[in-house]
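Working notes, structure below.
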Amino acid sequence: MDKKFKGKHFLTCEDWTKKELDQVFDKSFELKDQFLKEEAHLDLLHKTLFMIFFEQSTRTRNSMEAGMTQLGGHAHDLTADKMQLSHGESAKDTAIILSRMGHGIASRNCFYGIGKDYLAEMAKYSRRPVMSLQDDVYHPFQGLADLMTVFEHFGKNTKGLKVTISWAYADTHSKPLSVPQTQILLFPRYGIDVTVANPKEFPLSADIIEKAKKNAAVGGGSIKFTNDMDEAFEGAHIVIPKNWGGFGAYSVPDYLANENECKKEMKSNLEKYHSWICDERRIKLADKNVKLMHALPADRGHEVTDEILDNENISIVFDEAENRLHTAKAIMSMTM
Ligand code: CP
């Protein structure tokens with residue numbers, strides 16, 4: 001593998017050219033093939049990754065940790081409460097120290113108005129690559145796995161593919177904006193026509209929408225918006241029904257200054273939209289060969305019915321989850 005990626009941070013796909021991302025996908029497919037054939041691929045023998053999670057995770061944590069083991073290295077699974085971060089040690093000092101002891105740092109910090117900047121601070125001071133495991137704005141590893149899954153099911157020429165990213169009801173927690181935002185930035189770079197549907201109180205961030213429009217103009221895809229979930233499903237080749245919090249309705253300073261009121265308002269707005277679910281009726285509006293994608297965890301019975309999620313002719317969510325492993329390994333083996 002080309003050594004030119006060694007030390008390159010992976011905080012957002014926006015920092016990687018399409019040509020560079022294409023090399024990541026090539027490596028991901030190669031690693032998937034080696035994994036399935038049970039061939040050794042010890043690209044990171046004896047290397048160490050430090051992972052710091054400020055929030056829960058199933059796919060991200062395990063794709064990174066299993067990935068490091070399979071590449072011949074080891075991942076430390078850290079949470080803030082196990083570290084002096086809980087006593088206020090800075091991102092800067094933590095990054096300097098960990099990057100002197102190992103070969104990479106990865107962190108998930110989704111606090112709105114904080115996460116992305118926290119990771120950028122670590123990247124500024126780390127001698128080694130810093131990887132985002134999701135923040136308040138981006139979830140780059142999810143974007144890679146999503147696109148790899150699209151390639152597997154639709155081929156690599158994705159020009160003209162219609163992908164609908166729709167807000168959906170969920171009551172578990174206020175999910176970050178990072179998954180749909182990463183998708184709207186990335187998919188149009190590959191010629192994909194994206195439709196975003198959301199209730200008016202649940203917009204994505206205005207600056208990300210502007211960037212996504214620019215990416216579409218360069219990449220040959222398109223992006224459009226609607227407040228009607230049915231309209232968004234019509235003719236779609238892929239549907240991605242997923243909840244996100246109402247963070248995009250507030251500027252970061254306003255949100256941070258009035259966090260409790262904003263959370264109360266988001267909760268009350270949420271209750272108006274129980275009907276935003278991906279079910280059999282809506283699936284029938286889409287293309288006859290439509291596929292369901294979802295980053296998971298899914299709120300079954302809220303975001304999407306069991307009937308659709310468990311339908312093997314429609315749902316490719318478990319391929320998508322598995323591809324988190326292969327894409328994570330590609331980035332780690334190229335940058336560490
Ligand atoms: N999709 C995703 O990031 O899953 P986890 O939160 O379980 O890591």
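Here's how to read the names in the structure tokens: chain A, B, ... by the order shown, residue numbers from 1 in each chain, ligand numbers from 1 in the order shown.
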Listing only residues of chain A within 10 Å of ligand 1, what is the closest atom pair and its distance in Å (to one decimal) for each, using only C-alpha atoms and all ligand atoms, sorted by chain and residue number ascending, as CSV?
residue,atom,partner,partner_atom_place_in_ligand_line,distance
A:Phe53,CA,ligand 1,8 (O),9.9
A:Glu55,CA,ligand 1,6 (O),8.2
A:Gln56,CA,ligand 1,6 (O),6.3
A:Ser57,CA,ligand 1,7 (O),3.8
A:Thr58,CA,ligand 1,7 (O),3.4
A:Arg59,CA,ligand 1,8 (O),4.0
A:Thr60,CA,ligand 1,8 (O),3.6
A:Arg61,CA,ligand 1,8 (O),5.9
A:Asn62,CA,ligand 1,8 (O),7.9
A:Ser63,CA,ligand 1,8 (O),8.4
A:Met64,CA,ligand 1,8 (O),9.7
A:Arg108,CA,ligand 1,8 (O),9.0
A:Leu133,CA,ligand 1,3 (O),7.5
A:Gln134,CA,ligand 1,3 (O),7.0
A:His139,CA,ligand 1,3 (O),7.5
A:Pro140,CA,ligand 1,3 (O),9.7
A:Phe141,CA,ligand 1,3 (O),8.1
A:Gln142,CA,ligand 1,1 (N),6.3
A:Gly143,CA,ligand 1,1 (N),9.7
A:Ala145,CA,ligand 1,1 (N),9.5
A:Asp146,CA,ligand 1,1 (N),10.0
A:Lys175,CA,ligand 1,6 (O),9.8
A:Ser178,CA,ligand 1,3 (O),9.7
A:Val179,CA,ligand 1,1 (N),8.1
A:His294,CA,ligand 1,1 (N),8.0
A:Ala295,CA,ligand 1,1 (N),4.3
A:Leu296,CA,ligand 1,1 (N),4.9
A:Pro297,CA,ligand 1,4 (O),6.1
A:Ala298,CA,ligand 1,1 (N),9.2
A:Glu320,CA,ligand 1,1 (N),9.1
A:Ala321,CA,ligand 1,1 (N),7.2
A:Arg324,CA,ligand 1,1 (N),8.3
TODO: Please report, as a ChimeraX atom specification, each residue of range 158-323 of chain A to which DSSP assigns alpha helix (DSSP H) when run on this structure's backbone.
DONE: /A:178-186,206-219,229-233,252-257,259-270,280-285,306-309,317-323
Open item on the list: What's around range 115-118 of chain A at 6 Å? Count only C-alpha atoms, leave out sequence neighbours fewer than 6 positions away in its own chain, and write the answer as a PyMOL selection string.
Closed with: chain A and resi 109+135-136
- [ ] Run DSSP on the backbone and grab whatever in range 131-311 of chain A lands in strand (DSSP E); send it over as a VMD selection string.
- [x] chain A and resid 131 to 135 162 to 167 193 to 197 222 to 226 238 to 242 291 to 292
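Excluding range 75-85 of chain A itself and same-chain residues fewer than 5 positions from it, the residues having an atom within 9 Å of it are Lys47, Thr48, Leu49, Phe50, Met51, Ile52, Phe53, Phe54, Glu55, Arg61, Met64, Glu65, Ala66, Gly67, Met68, Thr69, Ser90, Ala91 and Thr94 of chain A, counting only C-alpha atoms.
Nearest-residue note for Gly248 in chain A: choosing from A:Val137, A:Leu270, A:Leu325, A:Met293, the minimum distance belongs to A:Val137, counting only C-alpha atoms.
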- [ ] Would you mind telling me which residue in A:Lys32, A:Lys18, A:Lys27, A:Lys156 lies nearest to Met334 in chain A when using only C-alpha atoms?
- [x]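 Closest to Met334 in chain A, using only C-alpha atoms: A:Lys27.
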